[in-house]
Amino acid sequence: MVNASVYSLVTMVSAIAFLVGIVLLIVSIVFTAKGKKPFIAGIICGAIISLCGVLFFLYGLFGQLISGINTMVSNMPVATEFTPAEGSRPISGTFKIDGDEVTLPCTVTDLTKMGYDTDYIYFNGYIMLWTFGSDNSNYDAPQFYVYLDRSYDYDSNAHTRGYDQVVAVKLHDDMGIGFELNDIEFGMTKDDFIAQYGTPAHEIDNSVAGDSLYYLGDNDVIYRFNFGEVNDGNIVLVGIMVGTSEYMEWEMTGLYHT
């Protein structure tokens with residue numbers, strides 16, 4: 001990469017060349033206009049020198065601009081991994097869906113072997129699984145979301161495969177499928193949850209989508225607990241998501257492991 005000082009030197013020299021070319025051009029035109037010996041060569045040389053001076057002057061300025069931007073970007077602090085909030089502690093325990101232990105990452109087939117079915121259609125970042133044998137025509141059967149490895153370029157409405165890697169699952173309190181993780185359950189208030197499990201590793205407050213609390217878990221997973229307001233005004237647990245740390249760090253911060 002060319003040093004910024006080189007661009008600065010080019011800018012200075014080209015500015016001088018431009019001035020010299022302009023002077024030569026003007027003098028040559030004046031002498032020619034007075035009827036003396038035509039200074040055609042001087043006019044041509046002056047025009048070329050001044051034009052080159054302008055071009056290299058712009059080149060130098062542009063180079064200094066790009067060099068300055070690169071320096072500014074390189075000096076910016078770069079986050080390479082997620083750092084849990086100070087004072088947060090992991091939530092230990094085995095995560096289960098309707099009594100079946102879920103170990104991530106796994107495959108779509110691993111989940112269907114637990115008694116769930118899917119149409120294998122990838123839509124808006126996830127596929128749906130529901131209790132095997134249910135009438136899923138209107139997605140009104142007990143169901144949950146399944147998120148696949150982002151390293152693959154899945155197209156919406158594309159058919160996924162049984163061996164596709166599952167990196168996260170998500171349940172809502174209105175899906176009809178329960179989960180087990182210690183004594184956590186839908187309907188717990190946010191205040192009670194924090195009082196029991198402490199400061200979250202990460203927190204996102206959203207007045208529309210609700211508050212999200214993230215906690216580290218066993219076996220390199222991260223939990224996201226979603227809290228929303230119910231009719232009585234309490235902020236209670238309405239959703240849970242568990243995924244691999246790499247996926248969840250991206251999901252909450254936009255960062256990938258490096």
# chains A, B, ... in the order shown; residues from 1 in each chain; ligands from 1
>>> residues_around(residues="A:Glu180", least_positions_apart="4", cutoff="10 Å", atoms="only C-alpha atoms", output="PyMOL selection string")
chain A and resi 93-101+184-185
>>> write_last_selection(atoms="N, CA and C atoms", output="PDB file, in the first residue's frame")
ATOM      1  N   GLY A  93     -27.850 -27.025  33.231  1.00  0.00           N
ATOM      2  CA  GLY A  93     -29.031 -27.878  33.179  1.00  0.00           C
ATOM      3  C   GLY A  93     -29.216 -28.464  31.798  1.00  0.00           C
ATOM      4  N   THR A  94     -30.077 -29.446  31.713  1.00  0.00           N
ATOM      5  CA  THR A  94     -30.362 -30.129  30.446  1.00  0.00           C
ATOM      6  C   THR A  94     -31.633 -29.564  29.844  1.00  0.00           C
ATOM      7  N   PHE A  95     -31.535 -29.088  28.611  1.00  0.00           N
ATOM      8  CA  PHE A  95     -32.697 -28.524  27.931  1.00  0.00           C
ATOM      9  C   PHE A  95     -33.469 -29.640  27.242  1.00  0.00           C
ATOM     10  N   LYS A  96     -34.786 -29.694  27.493  1.00  0.00           N
ATOM     11  CA  LYS A  96     -35.637 -30.720  26.890  1.00  0.00           C
ATOM     12  C   LYS A  96     -36.862 -30.072  26.257  1.00  0.00           C
ATOM     13  N   ILE A  97     -37.325 -30.696  25.185  1.00  0.00           N
ATOM     14  CA  ILE A  97     -38.582 -30.306  24.552  1.00  0.00           C
ATOM     15  C   ILE A  97     -39.564 -31.454  24.740  1.00  0.00           C
ATOM     16  N   ASP A  98     -40.617 -31.182  25.494  1.00  0.00           N
ATOM     17  CA  ASP A  98     -41.605 -32.220  25.816  1.00  0.00           C
ATOM     18  C   ASP A  98     -40.958 -33.512  26.304  1.00  0.00           C
ATOM     19  N   GLY A  99     -39.971 -33.366  27.179  1.00  0.00           N
ATOM     20  CA  GLY A  99     -39.330 -34.516  27.796  1.00  0.00           C
ATOM     21  C   GLY A  99     -38.156 -35.093  27.043  1.00  0.00           C
ATOM     22  N   ASP A 100     -37.896 -34.628  25.813  1.00  0.00           N
ATOM     23  CA  ASP A 100     -36.783 -35.144  25.011  1.00  0.00           C
ATOM     24  C   ASP A 100     -35.607 -34.180  25.066  1.00  0.00           C
ATOM     25  N   GLU A 101     -34.435 -34.719  25.422  1.00  0.00           N
ATOM     26  CA  GLU A 101     -33.246 -33.889  25.507  1.00  0.00           C
ATOM     27  C   GLU A 101     -32.827 -33.423  24.113  1.00  0.00           C
ATOM     28  N   ILE A 184     -37.417 -23.284  35.293  1.00  0.00           N
ATOM     29  CA  ILE A 184     -37.872 -22.178  34.448  1.00  0.00           C
ATOM     30  C   ILE A 184     -39.155 -22.603  33.732  1.00  0.00           C
ATOM     31  N   GLU A 185     -40.104 -21.680  33.660  1.00  0.00           N
ATOM     32  CA  GLU A 185     -41.356 -21.982  32.975  1.00  0.00           C
ATOM     33  C   GLU A 185     -41.959 -20.696  32.424  1.00  0.00           C
TER      34      GLU A 185
END
>>> closest_residue(among="A:Lys170, A:Lys190, A:Asp119, A:Pro200", to="A:Glu86", atoms="only C-alpha atoms")
A:Pro200
>>> select_by_dssp(residues="stretch 48-172 of chain A", states="strand (DSSP E)", output="ChimeraX atom specification")
/A:96-97,100-101,106-107,116-117,121-122,127-131,143-148,158-159,165-172
>>> atom_distance(atom1="atom CA of A:His202", atom2="atom CA of A:Asn124")
24.5 Å
>>> select_by_dssp(residues="stretch 55-180 of chain A", states="helix (DSSP H, G or I)", output="JSON, numbers by chain")
{"A": [55, 56, 57, 58, 59, 60, 61, 62, 63, 64, 65, 66, 67, 68, 69, 70, 71, 72, 73, 74, 108, 109, 110, 111, 112]}
>>> residues_around(residues="A:Asn226", least_positions_apart="4", cutoff="8 Å", atoms="only C-alpha atoms", output="list in words")
Gly210, Asp211, Ser212, Leu213, Leu237, Val238, Gly239 and Ile240 of chain A
>>> residues_around(residues="A:Asp164", least_positions_apart="6", cutoff="8 Å", atoms="only C-alpha atoms", output="list of chain:residue names")
A:Thr107, A:Val108, A:Leu148, A:Asp149
>>> closest_residue(among="A:Asp110, A:Ile40, A:Ile91, A:Val169", to="A:Met128", atoms="only C-alpha atoms")
A:Val169
>>> atom_distance(atom1="atom CA of A:Ser156", atom2="atom CA of A:Tyr223")
25.7 Å
>>> atom_distance(atom1="atom CA of A:Arg161", atom2="atom CA of A:Ile121")
9.2 Å
